[in-house]
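Below is one structure, written out as structure tokens; the observations come after it.
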Amino acid sequence: MEATPLEPHKAKRGEKTTITGILVNIGLVLAKGLAGWFGNSYALLADAMESATDILTSFFVWIGLRTAAKAPDQDHPYGHGKAEPLAAIVVSMALVGAAILIAVQSIQHIQEPHEIPAPFTLIVLAGVVIVKEILFRRVAKIGNEVDSNAIKADAWHHRSDAITSLTAFVGISIALIGGPGYESADDWAALLASGFIVYNAYTIFRPSFGEIMDEVPAGDWQQELKTLAMSVPQVKGIDKFRVRKTGFEFYVDLHVLVPGQLTVTEGHAIAHAVKDAILEAKPSVYDVLVHIEPA
């Protein structure tokens, strides 16, 4: 059995959700920006700023997915899959940048007296929270189904936007209920939201960086590979194994123990049988390199 081709349909599903997210964010930037400006709410303006970064980072995710879906070529024999976690890292860095900008400007506004935000801004924020949470759940589901860190990162970017809007809603509510003296409540809300955004950036960065560094993927790969290899006649066990994730696919290097008296031809046939067993049982594995050793 030859290695199965890369799965472009996974990238296509991710591209569709990413484009949807970009279109939704364009509408939200306009709605939040106008409401924040005319409603005198910096928290809402900060929220609009965060949505603007969503558009840029979603575009990077889209590029990463399209690149990762390309088949291996002469210059990239292991494929282009690393573009996918690289896109996720770009998203995490953009989130940190947006959080720092929001935090700095929040502190500046806390020190400057200003008017209490308009009540209608709460309606805008409530709508944003609902839309963003729905978008998060949809994109996260696709990300888990195709096992894409970039798509998962894009989903958490939507969730961070929902959190930012929720904290702004609370801050503005406090300002409206408290009245004079509570004008900066929504600024404090924006400052708190920046902390949530940094935390989400880390949750996106960590697994993506691990993939770039060829960290062992999650799951009990050793036991699964041993079970599959041992299902092949004459295989006595596995000595070493390496697994790394590249985009949507996995590459496996395996040392298999067989009786020492076998011929080269017999060992070669066993190696192919082990490779076929793994590729058939685990469709997400793109290629398997089997090294035969005497038991």
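Labels for the structure tokens follow display order: chains A, B, ..., residues from 1 in each chain, ligands from 1.
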
Interface rows for stretch 35-54 of chain A against stretch 82-99 of chain A: nearest pair, Å to one decimal, 12 Å, only C-alpha atoms, as a Markdown table:
| residue | atom | partner | partner_atom | distance |
| --- | --- | --- | --- | --- |
| A:Ala46 | CA | A:Ala98 | CA | 8.9 |
| A:Asp47 | CA | A:Ala98 | CA | 9.9 |
| A:Ala48 | CA | A:Ala98 | CA | 10.8 |
| A:Met49 | CA | A:Ala98 | CA | 7.6 |
| A:Glu50 | CA | A:Ala98 | CA | 6.2 |
| A:Ser51 | CA | A:Ala98 | CA | 9.6 |
| A:Ala52 | CA | A:Ala98 | CA | 9.5 |
| A:Thr53 | CA | A:Ala94 | CA | 6.9 |
| A:Asp54 | CA | A:Val91 | CA | 8.3 |

Keeping only N, CA and C atoms, write those residues as an mmCIF file, in the first residue's frame.
data_model
loop_
_atom_site.group_PDB
_atom_site.id
_atom_site.type_symbol
_atom_site.label_atom_id
_atom_site.label_comp_id
_atom_site.auth_asym_id
_atom_site.auth_seq_id
_atom_site.Cartn_x
_atom_site.Cartn_y
_atom_site.Cartn_z
ATOM 1 N N ALA A 46 -12.060 49.168 21.975
ATOM 2 C CA ALA A 46 -11.006 48.160 22.125
ATOM 3 C C ALA A 46 -11.463 46.829 21.567
ATOM 4 N N ASP A 47 -12.739 46.531 21.763
ATOM 5 C CA ASP A 47 -13.320 45.307 21.232
ATOM 6 C C ASP A 47 -13.287 45.327 19.706
ATOM 7 N N ALA A 48 -13.592 46.489 19.127
ATOM 8 C CA ALA A 48 -13.542 46.629 17.673
ATOM 9 C C ALA A 48 -12.117 46.436 17.161
ATOM 10 N N MET A 49 -11.163 46.948 17.921
ATOM 11 C CA MET A 49 -9.751 46.803 17.557
ATOM 12 C C MET A 49 -9.350 45.326 17.559
ATOM 13 N N GLU A 50 -9.843 44.585 18.550
ATOM 14 C CA GLU A 50 -9.524 43.161 18.649
ATOM 15 C C GLU A 50 -10.129 42.402 17.472
ATOM 16 N N SER A 51 -11.344 42.799 17.056
ATOM 17 C CA SER A 51 -11.980 42.166 15.899
ATOM 18 C C SER A 51 -11.214 42.481 14.615
ATOM 19 N N ALA A 52 -10.622 43.674 14.557
ATOM 20 C CA ALA A 52 -9.832 44.043 13.381
ATOM 21 C C ALA A 52 -8.608 43.141 13.255
ATOM 22 N N THR A 53 -7.985 42.807 14.388
ATOM 23 C CA THR A 53 -6.846 41.880 14.339
ATOM 24 C C THR A 53 -7.317 40.481 13.936
ATOM 25 N N ASP A 54 -8.573 40.145 14.283
ATOM 26 C CA ASP A 54 -9.137 38.859 13.866
ATOM 27 C C ASP A 54 -9.123 38.724 12.344
#

- Message: as a list in words, please: the residues near A:Gln108 (cut-off 12 Å, only C-alpha atoms, same-chain neighbours under 5 positions excluded).
- Response: Tyr42, Leu101, Ile102, Ala103, Pro113, His114, Ser184, Asp187, Trp188, Ala190 and Leu191 of chain A

Please produce a file of those selected residues containing C-alpha atoms, as a PDB file, in the first residue's frame.
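For reference, result22.pdb as written:
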ATOM      1  CA  TYR A  42     -13.487  52.731  25.019  1.00  0.00           C
ATOM      2  CA  LEU A 101      -2.260  47.825  22.897  1.00  0.00           C
ATOM      3  CA  ILE A 102      -5.622  47.468  24.654  1.00  0.00           C
ATOM      4  CA  ALA A 103      -3.963  47.368  28.094  1.00  0.00           C
ATOM      5  CA  PRO A 113     -12.028  61.485  33.202  1.00  0.00           C
ATOM      6  CA  HIS A 114     -14.700  60.878  30.551  1.00  0.00           C
ATOM      7  CA  SER A 184     -13.823  54.197  34.143  1.00  0.00           C
ATOM      8  CA  ASP A 187     -11.827  50.862  30.910  1.00  0.00           C
ATOM      9  CA  TRP A 188     -11.067  48.458  33.741  1.00  0.00           C
ATOM     10  CA  ALA A 190     -10.981  46.385  28.757  1.00  0.00           C
ATOM     11  CA  LEU A 191      -7.832  46.002  30.888  1.00  0.00           C
TER      12      LEU A 191
END

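Per DSSP on the backbone, strand (DSSP E) in stretch 52-283 of chain A comprises Gly237, Ile238, Asp239, Lys240, Phe241, Arg242, Val243, Arg244, Lys245, Thr246, Glu249, Phe250, Tyr251, Val252, Asp253, Leu254, His255, Val256, Leu257 and Val258 of chain A.
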
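For the choices A:Val129, A:Val198, A:Ile238, A:Val104, the atom-to-atom distance to A:Gln222 is smallest for A:Ile238 when using only C-alpha atoms.
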
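The smallest atom-to-atom distance between A:Glu293 and any of A:Arg137, A:His255, A:Lys275, A:Lys226, using only C-alpha atoms, is found for A:His255.
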
- Can you work out which one of A:Ile123, A:Ile19, A:Val264, A:Leu56 has the shortest atom-to-atom distance to A:Ala31, counting only C-alpha atoms? A:Ile123

- Task: Please run DSSP on the backbone and report, as a PyMOL selection string, all residues within stretch 78-268 of chain A that come out as helix (DSSP H, G or I).
- Result: chain A and resi 83-111+120-146+149-178+185-212+221-230+264-268

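Proximity to A:Ser106 was assessed for A:Ile197, A:Leu192, A:Ile212, A:Val256 counting only C-alpha atoms; the smallest distance is recorded for A:Leu192.
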
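Among the candidates A:Lys32, A:His158, A:Lys152, A:Lys240, the residue lying nearest to A:Phe205 is A:Lys152 (atoms considered: only C-alpha atoms).
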
- Task: Write out as number ranges by chain the residues lying within 8 Å of A:Ile292, counting only C-alpha atoms and excluding same-chain residues fewer than 6 positions away.
- Result: A: 255-258, 267-268, 271

Could you write those residues out with C-alpha atoms, as a PDB file, in the first residue's frame?
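Final output, part_1.pdb:
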ATOM      1  CA  HIS A 255      12.118  -0.118  14.249  1.00  0.00           C
ATOM      2  CA  VAL A 256      10.561  -3.609  14.030  1.00  0.00           C
ATOM      3  CA  LEU A 257      12.076  -6.777  15.552  1.00  0.00           C
ATOM      4  CA  VAL A 258      11.923  -9.954  13.429  1.00  0.00           C
ATOM      5  CA  GLY A 267      12.325  -8.808   5.920  1.00  0.00           C
ATOM      6  CA  HIS A 268      11.379  -6.385   3.165  1.00  0.00           C
ATOM      7  CA  ALA A 271       8.284  -4.134   6.531  1.00  0.00           C
TER       8      ALA A 271
END

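The nearest approach to A:Ile174 among the residues A:Leu135, A:Ile116, A:Ile22, A:Leu65, with only C-alpha atoms taken into account, belongs to A:Ile116.
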
- Task: Report the distance between atom CA of A:Ile177 and atom CA of A:Glu112 in Å, rounded to one decimal place.
- Result: 20.2 Å

- Message: So the first atom is atom CA of A:Val290 and the second is atom CA of A:Leu254; what is the distance between them in Å, to one decimal place?
- Response: 4.8 Å

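Residue neighbourhood of A:Val216, excluding near-sequence residues (fewer than 3 positions): Pro207, Phe209, Gly210, Glu211, Ile212, Met213, Gly219, Asp220, Trp221, Gln222, Phe241, Arg242, Val243, Arg244, Lys245, Thr246, Phe250, Tyr251 and Val252 of chain A, at 12 Å, using only C-alpha atoms.
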